[in-house]
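Undergrad: Quick one, run-v1.cif (mmCIF, N, CA, C and O atoms):
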data_target
#
loop_
_atom_site.label_atom_id
_atom_site.label_comp_id
_atom_site.auth_asym_id
_atom_site.auth_seq_id
_atom_site.Cartn_x
_atom_site.Cartn_y
_atom_site.Cartn_z
N MET H 1 24.08 218.94 -48.41
CA MET H 1 25.54 219.02 -48.49
C MET H 1 26.06 217.69 -49.03
O MET H 1 25.71 216.63 -48.53
N PRO H 2 26.94 217.72 -50.04
CA PRO H 2 27.47 216.47 -50.61
C PRO H 2 28.36 215.74 -49.60
O PRO H 2 29.01 216.35 -48.77
N LEU H 3 28.39 214.43 -49.71
CA LEU H 3 29.23 213.61 -48.84
C LEU H 3 30.68 213.62 -49.29
O LEU H 3 31.59 213.40 -48.49
N LEU H 4 30.93 213.85 -50.57
CA LEU H 4 32.29 213.87 -51.11
C LEU H 4 32.65 215.26 -51.58
O LEU H 4 31.81 215.98 -52.12
N GLU H 5 33.90 215.61 -51.41
CA GLU H 5 34.41 216.89 -51.89
C GLU H 5 35.47 216.60 -52.94
O GLU H 5 36.42 215.87 -52.68
N VAL H 6 35.30 217.13 -54.15
CA VAL H 6 36.26 216.93 -55.22
C VAL H 6 37.20 218.12 -55.25
O VAL H 6 36.75 219.26 -55.34
N ILE H 7 38.48 217.83 -55.16
CA ILE H 7 39.50 218.87 -55.12
C ILE H 7 40.40 218.71 -56.33
O ILE H 7 40.88 217.61 -56.61
N GLN H 8 40.62 219.79 -57.08
CA GLN H 8 41.53 219.75 -58.22
C GLN H 8 42.96 219.79 -57.69
O GLN H 8 43.31 220.63 -56.88
N THR H 9 43.78 218.84 -58.13
CA THR H 9 45.18 218.78 -57.70
C THR H 9 46.08 218.58 -58.91
O THR H 9 45.62 218.23 -59.98
N ARG H 10 47.35 218.80 -58.69
CA ARG H 10 48.35 218.53 -59.73
C ARG H 10 49.11 217.30 -59.27
O ARG H 10 49.50 217.19 -58.12
N GLN H 11 49.31 216.37 -60.18
CA GLN H 11 49.99 215.13 -59.84
C GLN H 11 51.23 214.94 -60.69
O GLN H 11 51.33 215.49 -61.78
N VAL H 12 52.16 214.17 -60.16
CA VAL H 12 53.37 213.79 -60.90
C VAL H 12 53.33 212.29 -61.11
O VAL H 12 52.68 211.56 -60.37
N SER H 13 54.01 211.83 -62.14
CA SER H 13 54.15 210.40 -62.38
C SER H 13 55.43 209.95 -61.69
O SER H 13 56.48 210.58 -61.84
N ALA H 14 55.33 208.86 -60.95
CA ALA H 14 56.48 208.33 -60.24
C ALA H 14 56.51 206.82 -60.40
O ALA H 14 55.48 206.19 -60.63
N SER H 15 57.69 206.27 -60.28
CA SER H 15 57.86 204.84 -60.41
C SER H 15 58.24 204.26 -59.05
O SER H 15 59.17 204.73 -58.41
N VAL H 16 57.50 203.24 -58.61
CA VAL H 16 57.82 202.55 -57.36
C VAL H 16 57.79 201.05 -57.61
O VAL H 16 57.14 200.58 -58.55
N ARG H 17 58.48 200.32 -56.79
CA ARG H 17 58.49 198.86 -56.89
C ARG H 17 57.65 198.29 -55.77
O ARG H 17 57.75 198.72 -54.63
N LEU H 18 56.84 197.29 -56.11
CA LEU H 18 56.00 196.60 -55.14
C LEU H 18 56.22 195.11 -55.29
O LEU H 18 56.56 194.63 -56.37
N THR H 19 55.99 194.37 -54.23
CA THR H 19 56.02 192.91 -54.36
C THR H 19 54.80 192.49 -55.18
O THR H 19 53.83 193.23 -55.30
N ASP H 20 54.87 191.30 -55.74
CA ASP H 20 53.74 190.79 -56.53
C ASP H 20 52.45 190.78 -55.72
O ASP H 20 51.40 191.18 -56.21
N SER H 21 52.54 190.34 -54.48
CA SER H 21 51.33 190.24 -53.67
C SER H 21 50.75 191.61 -53.34
O SER H 21 49.53 191.78 -53.35
N THR H 22 51.61 192.60 -53.09
CA THR H 22 51.11 193.95 -52.81
C THR H 22 50.48 194.55 -54.06
O THR H 22 49.40 195.15 -53.99
N ALA H 23 51.10 194.37 -55.21
CA ALA H 23 50.54 194.88 -56.47
C ALA H 23 49.18 194.25 -56.74
O ALA H 23 48.23 194.93 -57.15
N THR H 24 49.06 192.96 -56.49
CA THR H 24 47.78 192.27 -56.68
C THR H 24 46.73 192.83 -55.74
O THR H 24 45.59 193.09 -56.14
N GLN H 25 47.10 193.06 -54.48
CA GLN H 25 46.15 193.60 -53.52
C GLN H 25 45.74 195.03 -53.85
O GLN H 25 44.60 195.41 -53.62
N VAL H 26 46.67 195.82 -54.39
CA VAL H 26 46.31 197.18 -54.82
C VAL H 26 45.24 197.10 -55.91
O VAL H 26 44.22 197.80 -55.85
N ASP H 27 45.45 196.21 -56.89
CA ASP H 27 44.45 196.05 -57.95
C ASP H 27 43.13 195.53 -57.40
O ASP H 27 42.05 196.00 -57.79
N GLN H 28 43.19 194.59 -56.46
CA GLN H 28 41.97 194.05 -55.88
C GLN H 28 41.23 195.10 -55.06
O GLN H 28 40.01 195.21 -55.13
N TYR H 29 41.97 195.90 -54.31
CA TYR H 29 41.33 196.95 -53.51
C TYR H 29 40.72 198.01 -54.43
O TYR H 29 39.63 198.52 -54.16
N ALA H 30 41.42 198.31 -55.52
CA ALA H 30 40.88 199.27 -56.49
C ALA H 30 39.56 198.77 -57.05
O ALA H 30 38.59 199.54 -57.19
N ALA H 31 39.48 197.49 -57.38
CA ALA H 31 38.23 196.91 -57.88
C ALA H 31 37.17 196.96 -56.80
O ALA H 31 36.00 197.27 -57.07
N PHE H 32 37.55 196.67 -55.57
CA PHE H 32 36.63 196.66 -54.43
C PHE H 32 35.98 198.03 -54.22
O PHE H 32 34.77 198.12 -53.98
N ILE H 33 36.76 199.11 -54.33
CA ILE H 33 36.20 200.45 -54.10
C ILE H 33 35.87 201.17 -55.40
O ILE H 33 35.50 202.34 -55.38
N ARG H 34 36.02 200.46 -56.52
CA ARG H 34 35.73 201.03 -57.84
C ARG H 34 36.52 202.32 -58.08
O ARG H 34 35.97 203.37 -58.38
N ALA H 35 37.83 202.20 -57.95
CA ALA H 35 38.74 203.33 -58.15
C ALA H 35 39.95 202.82 -58.92
O ALA H 35 40.06 201.63 -59.20
N SER H 36 40.83 203.72 -59.25
CA SER H 36 42.06 203.31 -59.95
C SER H 36 43.11 202.89 -58.93
O SER H 36 43.05 203.26 -57.75
N ALA H 37 44.08 202.13 -59.40
CA ALA H 37 45.20 201.74 -58.54
C ALA H 37 45.95 202.98 -58.05
O ALA H 37 46.40 203.03 -56.90
N ASP H 38 46.07 203.99 -58.90
CA ASP H 38 46.71 205.24 -58.50
C ASP H 38 45.99 205.87 -57.31
O ASP H 38 46.62 206.35 -56.37
N ASP H 39 44.66 205.88 -57.36
CA ASP H 39 43.87 206.45 -56.27
C ASP H 39 44.06 205.66 -54.98
O ASP H 39 44.14 206.24 -53.89
N VAL H 40 44.14 204.33 -55.08
CA VAL H 40 44.35 203.49 -53.90
C VAL H 40 45.68 203.84 -53.25
O VAL H 40 45.76 204.06 -52.03
N VAL H 41 46.75 203.90 -54.03
CA VAL H 41 48.07 204.19 -53.48
C VAL H 41 48.08 205.60 -52.89
O VAL H 41 48.57 205.81 -51.77
N GLU H 42 47.55 206.58 -53.61
CA GLU H 42 47.51 207.97 -53.13
C GLU H 42 46.77 208.08 -51.80
O GLU H 42 47.28 208.67 -50.84
N GLN H 43 45.58 207.51 -51.73
CA GLN H 43 44.77 207.63 -50.52
C GLN H 43 45.36 206.82 -49.36
O GLN H 43 45.30 207.26 -48.21
N ALA H 44 45.94 205.66 -49.65
CA ALA H 44 46.54 204.85 -48.60
C ALA H 44 47.74 205.57 -47.98
O ALA H 44 47.89 205.61 -46.75
N LEU H 45 48.57 206.16 -48.82
CA LEU H 45 49.73 206.89 -48.29
C LEU H 45 49.29 208.13 -47.52
O LEU H 45 49.83 208.42 -46.44
N ALA H 46 48.33 208.87 -48.05
CA ALA H 46 47.82 210.05 -47.34
C ALA H 46 47.27 209.66 -45.97
O ALA H 46 47.48 210.36 -44.97
N TYR H 47 46.56 208.52 -45.91
CA TYR H 47 46.00 208.03 -44.65
C TYR H 47 47.11 207.70 -43.65
O TYR H 47 47.07 208.13 -42.50
N VAL H 48 48.12 206.95 -44.09
CA VAL H 48 49.22 206.57 -43.20
C VAL H 48 49.96 207.81 -42.72
O VAL H 48 50.25 207.95 -41.53
N PHE H 49 50.27 208.73 -43.63
CA PHE H 49 51.00 209.94 -43.25
C PHE H 49 50.23 210.75 -42.21
O PHE H 49 50.81 211.27 -41.26
N SER H 50 48.92 210.85 -42.38
CA SER H 50 48.11 211.66 -41.46
C SER H 50 47.94 210.99 -40.10
O SER H 50 47.79 211.67 -39.09
N LYS H 51 47.97 209.66 -40.04
CA LYS H 51 47.73 208.93 -38.78
C LYS H 51 49.00 208.67 -37.98
O LYS H 51 48.93 208.36 -36.80
N ASP H 52 50.17 208.77 -38.60
CA ASP H 52 51.43 208.47 -37.92
C ASP H 52 51.89 209.71 -37.15
O ASP H 52 52.44 210.65 -37.72
N ARG H 53 51.69 209.69 -35.85
CA ARG H 53 52.03 210.85 -35.01
C ARG H 53 53.52 211.14 -34.98
O ARG H 53 53.94 212.30 -34.98
N ASP H 54 54.33 210.08 -34.95
CA ASP H 54 55.78 210.29 -34.96
C ASP H 54 56.23 210.96 -36.26
O ASP H 54 57.10 211.83 -36.24
N PHE H 55 55.62 210.56 -37.38
CA PHE H 55 55.96 211.18 -38.65
C PHE H 55 55.52 212.65 -38.67
O PHE H 55 56.26 213.51 -39.16
N GLN H 56 54.36 212.95 -38.11
CA GLN H 56 53.89 214.33 -38.06
C GLN H 56 54.85 215.20 -37.24
O GLN H 56 55.11 216.34 -37.60
N GLU H 57 55.39 214.64 -36.17
CA GLU H 57 56.39 215.37 -35.37
C GLU H 57 57.69 215.55 -36.16
O GLU H 57 58.31 216.60 -36.11
N PHE H 58 58.10 214.51 -36.88
CA PHE H 58 59.30 214.58 -37.71
C PHE H 58 59.17 215.70 -38.74
O PHE H 58 60.14 216.41 -39.02
N LEU H 59 57.98 215.86 -39.33
CA LEU H 59 57.78 216.89 -40.35
C LEU H 59 58.02 218.30 -39.82
O LEU H 59 58.32 219.21 -40.60
N LYS H 60 57.94 218.46 -38.53
CA LYS H 60 58.15 219.78 -37.91
C LYS H 60 59.63 220.08 -37.68
O LYS H 60 59.97 221.19 -37.29
N THR H 61 60.50 219.11 -37.92
CA THR H 61 61.93 219.30 -37.66
C THR H 61 62.67 219.74 -38.92
O THR H 61 62.20 219.50 -40.04
N PRO H 62 63.82 220.36 -38.74
CA PRO H 62 64.63 220.74 -39.90
C PRO H 62 65.10 219.53 -40.71
O PRO H 62 65.32 219.62 -41.91
N LEU H 63 65.23 218.39 -40.06
CA LEU H 63 65.67 217.18 -40.74
C LEU H 63 64.71 216.78 -41.86
O LEU H 63 65.14 216.28 -42.90
N ALA H 64 63.44 217.01 -41.67
CA ALA H 64 62.45 216.66 -42.69
C ALA H 64 62.68 217.46 -43.97
O ALA H 64 62.50 216.93 -45.08
N LYS H 65 63.06 218.71 -43.84
CA LYS H 65 63.30 219.55 -45.01
C LYS H 65 64.57 219.15 -45.75
O LYS H 65 64.76 219.50 -46.90
N GLN H 66 65.46 218.41 -45.08
CA GLN H 66 66.73 218.00 -45.67
C GLN H 66 66.68 216.57 -46.21
O GLN H 66 67.69 216.08 -46.70
N ALA H 67 65.53 215.92 -46.14
CA ALA H 67 65.42 214.52 -46.58
C ALA H 67 65.76 214.41 -48.06
O ALA H 67 65.26 215.18 -48.88
N ALA H 68 66.60 213.46 -48.38
CA ALA H 68 66.99 213.22 -49.78
C ALA H 68 65.81 212.61 -50.54
O ALA H 68 65.10 211.76 -50.01
N SER H 69 65.62 213.05 -51.75
CA SER H 69 64.55 212.51 -52.59
C SER H 69 64.99 211.20 -53.21
O SER H 69 65.99 211.15 -53.92
N THR H 70 64.27 210.13 -52.91
CA THR H 70 64.59 208.82 -53.48
C THR H 70 63.49 208.33 -54.40
O THR H 70 63.65 207.31 -55.06
N LEU H 71 62.37 209.04 -54.46
CA LEU H 71 61.27 208.67 -55.34
C LEU H 71 61.65 209.00 -56.77
O LEU H 71 62.15 210.10 -57.06
N ARG H 72 61.45 208.05 -57.67
CA ARG H 72 61.79 208.26 -59.08
C ARG H 72 60.62 208.95 -59.78
O ARG H 72 59.65 208.31 -60.18
N ILE H 73 60.72 210.27 -59.92
CA ILE H 73 59.67 211.06 -60.56
C ILE H 73 60.04 211.25 -62.01
O ILE H 73 61.16 211.63 -62.34
N ARG H 74 59.07 210.97 -62.90
CA ARG H 74 59.30 211.18 -64.33
C ARG H 74 59.03 212.64 -64.65
O ARG H 74 57.95 213.14 -64.43
N ARG H 75 60.03 213.27 -65.18
CA ARG H 75 59.93 214.69 -65.53
C ARG H 75 59.57 214.84 -67.00
O ARG H 75 60.15 214.19 -67.86
N GLY H 76 58.62 215.71 -67.29
CA GLY H 76 58.23 216.00 -68.66
C GLY H 76 58.70 217.38 -69.03
O GLY H 76 59.47 218.00 -68.30
N PRO H 77 58.21 217.90 -70.15
CA PRO H 77 58.58 219.26 -70.54
C PRO H 77 58.05 220.25 -69.52
O PRO H 77 57.04 220.01 -68.87
N SER H 78 58.76 221.35 -69.37
CA SER H 78 58.37 222.38 -68.41
C SER H 78 57.00 222.94 -68.75
O SER H 78 56.69 223.23 -69.90
N ASN H 79 56.17 223.14 -67.73
CA ASN H 79 54.84 223.73 -67.93
C ASN H 79 54.93 225.21 -68.25
O ASN H 79 53.97 225.81 -68.69
N GLU H 80 56.10 225.81 -68.00
CA GLU H 80 56.27 227.23 -68.26
C GLU H 80 56.61 227.51 -69.72
O GLU H 80 56.67 228.65 -70.15
N ALA H 81 56.83 226.48 -70.50
CA ALA H 81 57.16 226.66 -71.91
C ALA H 81 55.96 227.22 -72.65
O ALA H 81 54.82 227.01 -72.27
N ALA H 82 56.24 227.92 -73.73
CA ALA H 82 55.16 228.51 -74.52
C ALA H 82 54.31 227.42 -75.16
O ALA H 82 54.80 226.35 -75.50
N GLU H 83 53.02 227.69 -75.32
CA GLU H 83 52.10 226.76 -75.96
C GLU H 83 52.49 226.61 -77.43
O GLU H 83 52.80 227.58 -78.10
N PRO H 84 52.47 225.38 -77.97
CA PRO H 84 52.76 225.22 -79.39
C PRO H 84 51.60 225.78 -80.22
O PRO H 84 50.47 225.85 -79.74
N PRO H 85 51.87 226.17 -81.46
CA PRO H 85 50.80 226.67 -82.31
C PRO H 85 49.70 225.63 -82.46
O PRO H 85 49.95 224.43 -82.48
N ALA H 86 48.47 226.09 -82.59
CA ALA H 86 47.30 225.20 -82.64
C ALA H 86 47.35 224.25 -83.83
O ALA H 86 46.84 223.15 -83.76
N LYS H 87 47.96 224.63 -84.95
CA LYS H 87 47.97 223.81 -86.16
C LYS H 87 49.00 222.69 -86.09
O LYS H 87 48.98 221.78 -86.89
N LYS H 88 49.93 222.76 -85.14
CA LYS H 88 50.97 221.74 -85.01
C LYS H 88 50.35 220.45 -84.47
O LYS H 88 49.55 220.48 -83.55
N PRO H 89 50.70 219.28 -85.01
CA PRO H 89 50.14 218.04 -84.49
C PRO H 89 50.64 217.78 -83.06
O PRO H 89 51.75 218.15 -82.71
N ALA H 90 49.82 217.13 -82.27
CA ALA H 90 50.18 216.81 -80.89
C ALA H 90 51.35 215.83 -80.89
O ALA H 90 51.41 214.92 -81.70
N SER H 91 52.26 216.02 -79.96
CA SER H 91 53.45 215.16 -79.90
C SER H 91 53.15 213.81 -79.27
O SER H 91 53.94 212.89 -79.39
N GLY H 92 52.04 213.71 -78.56
CA GLY H 92 51.71 212.46 -77.89
C GLY H 92 52.31 212.36 -76.50
O GLY H 92 51.99 211.48 -75.74
N MET H 93 53.22 213.29 -76.16
CA MET H 93 53.81 213.28 -74.82
C MET H 93 52.91 214.04 -73.87
O MET H 93 52.38 215.08 -74.22
N GLN H 94 52.77 213.52 -72.69
CA GLN H 94 52.01 214.22 -71.67
C GLN H 94 52.99 214.79 -70.67
O GLN H 94 53.95 214.13 -70.31
N PRO H 95 52.76 216.02 -70.20
CA PRO H 95 53.65 216.56 -69.18
C PRO H 95 53.50 215.76 -67.89
O PRO H 95 52.48 215.13 -67.64
N SER H 96 54.55 215.78 -67.06
CA SER H 96 54.53 214.99 -65.84
C SER H 96 53.54 215.54 -64.83
O SER H 96 53.07 214.81 -63.98
N LEU H 97 53.25 216.81 -64.89
CA LEU H 97 52.25 217.39 -63.99
C LEU H 97 50.94 217.49 -64.73
O LEU H 97 50.85 218.17 -65.74
N GLN H 98 49.93 216.82 -64.24
CA GLN H 98 48.64 216.82 -64.90
C GLN H 98 47.55 217.14 -63.89
O GLN H 98 47.54 216.57 -62.81
N PRO H 99 46.62 218.04 -64.22
CA PRO H 99 45.52 218.28 -63.30
C PRO H 99 44.60 217.08 -63.30
O PRO H 99 44.40 216.42 -64.31
N SER H 100 44.08 216.74 -62.14
CA SER H 100 43.13 215.65 -62.05
C SER H 100 42.26 215.87 -60.84
O SER H 100 42.57 216.67 -59.97
N ALA H 101 41.17 215.17 -60.80
CA ALA H 101 40.27 215.28 -59.67
C ALA H 101 40.60 214.18 -58.66
O ALA H 101 40.79 213.05 -59.01
N VAL H 102 40.70 214.55 -57.42
CA VAL H 102 40.94 213.60 -56.35
C VAL H 102 39.78 213.68 -55.38
O VAL H 102 39.33 214.76 -55.03
N VAL H 103 39.29 212.54 -54.96
CA VAL H 103 38.20 212.53 -54.01
C VAL H 103 38.79 212.63 -52.63
O VAL H 103 39.62 211.83 -52.23
N ALA H 104 38.38 213.64 -51.87
CA ALA H 104 38.88 213.83 -50.52
C ALA H 104 37.76 213.56 -49.53
O ALA H 104 36.59 213.61 -49.86
N GLY H 105 38.16 213.29 -48.34
CA GLY H 105 37.18 213.12 -47.27
C GLY H 105 36.60 211.73 -47.17
O GLY H 105 35.60 211.54 -46.50
N LEU H 106 37.21 210.73 -47.80
CA LEU H 106 36.72 209.36 -47.69
C LEU H 106 37.07 208.85 -46.30
O LEU H 106 38.14 209.09 -45.79
N LYS H 107 36.16 208.14 -45.70
CA LYS H 107 36.39 207.58 -44.36
C LYS H 107 36.39 206.08 -44.42
O LYS H 107 35.61 205.47 -45.13
N ALA H 108 37.29 205.47 -43.67
CA ALA H 108 37.38 204.01 -43.64
C ALA H 108 36.29 203.42 -42.78
O ALA H 108 35.78 204.00 -41.89
#
Is it possible to express this structure as structure tokens?
TA:
Amino acid sequence: MPLLEVIQTRQVSASVRLTDSTATQVDQYAAFIRASADDVVEQALAYVFSKDRDFQEFLKTPLAKQAASTLRIRRGPSNEAAEPPAKKPASGMQPSLQPSAVVAGLKA
């Protein structure tokens, strides 16, 4: 049985601000575990969310469903749009939702 499970997920691009020292540590941690900075942020947030019992209780309340979105998500063209003809040159734009592989089940 493999130690890692690869799960296909859809991701969005978002913009966040970090202090210089936090950004440096994200890059250093990414180098340490041989992963991307995106993976470090994704896994760190998933870990905090899963371990915070008060937050897990909050998620069960109606207030959680009413939380205002403050994350700056970059929106691309709708994925429901028709595919362009094959002969048309690529526009170079990537949609905001992209399939990617995420490693799940990592333990600290």
Undergrad: Determine the residue membership of the PyMOL selection byres ((chain H and resi 13) around 4.5) for the file above and supply it as a list in words.
TA: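 Going through the file, the PyMOL selection byres ((chain H and resi 13) around 4.5) ends up selecting Gln11, Val12, Ala14, Arg72, Ile73, Arg74 and Ser96 of chain H.
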Undergrad: Go ahead and compute the interatomic distance for CA of Phe49 in chain H and CA of Ala64 in chain H, in Å to one decimal.
TA: 13.3 Å
Undergrad: Can you list, as a list in words, every residue of range 13-52 of chain H that DSSP puts in alpha helix (DSSP H)?
TA: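 Checking each residue of range 13-52 of chain H, the alpha helix (DSSP H) ones are Asp20, Ser21, Thr22, Ala23, Thr24, Gln25, Val26, Asp27, Gln28, Tyr29, Ala30, Ala31, Phe32, Ile33, Ala37, Asp38, Asp39, Val40, Val41, Glu42, Gln43, Ala44, Leu45, Ala46, Tyr47, Val48, Phe49, Ser50 and Lys51 of chain H.
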Undergrad: What does the distance between CA of Tyr29 in chain H and CA of Gln43 in chain H come to in Å, to one decimal place?
TA: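 Spanning CA of Tyr29 in chain H to CA of Gln43 in chain H is a straight-line distance of 11.6 Å.
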Undergrad: Could you work out how far atom O of Phe55 in chain H lies from atom N of Thr70 in chain H, giving the answer in Å with one decimal?
TA: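 The value is 16.3 Å.
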Undergrad: Do a neighbour search on Ala37 in chain H at 5 Å with all atoms listed in the file, toss out local chain neighbours closer than 4 positions, and write the hits as a PyMOL selection string.
TA: chain H and resi 26+41-42
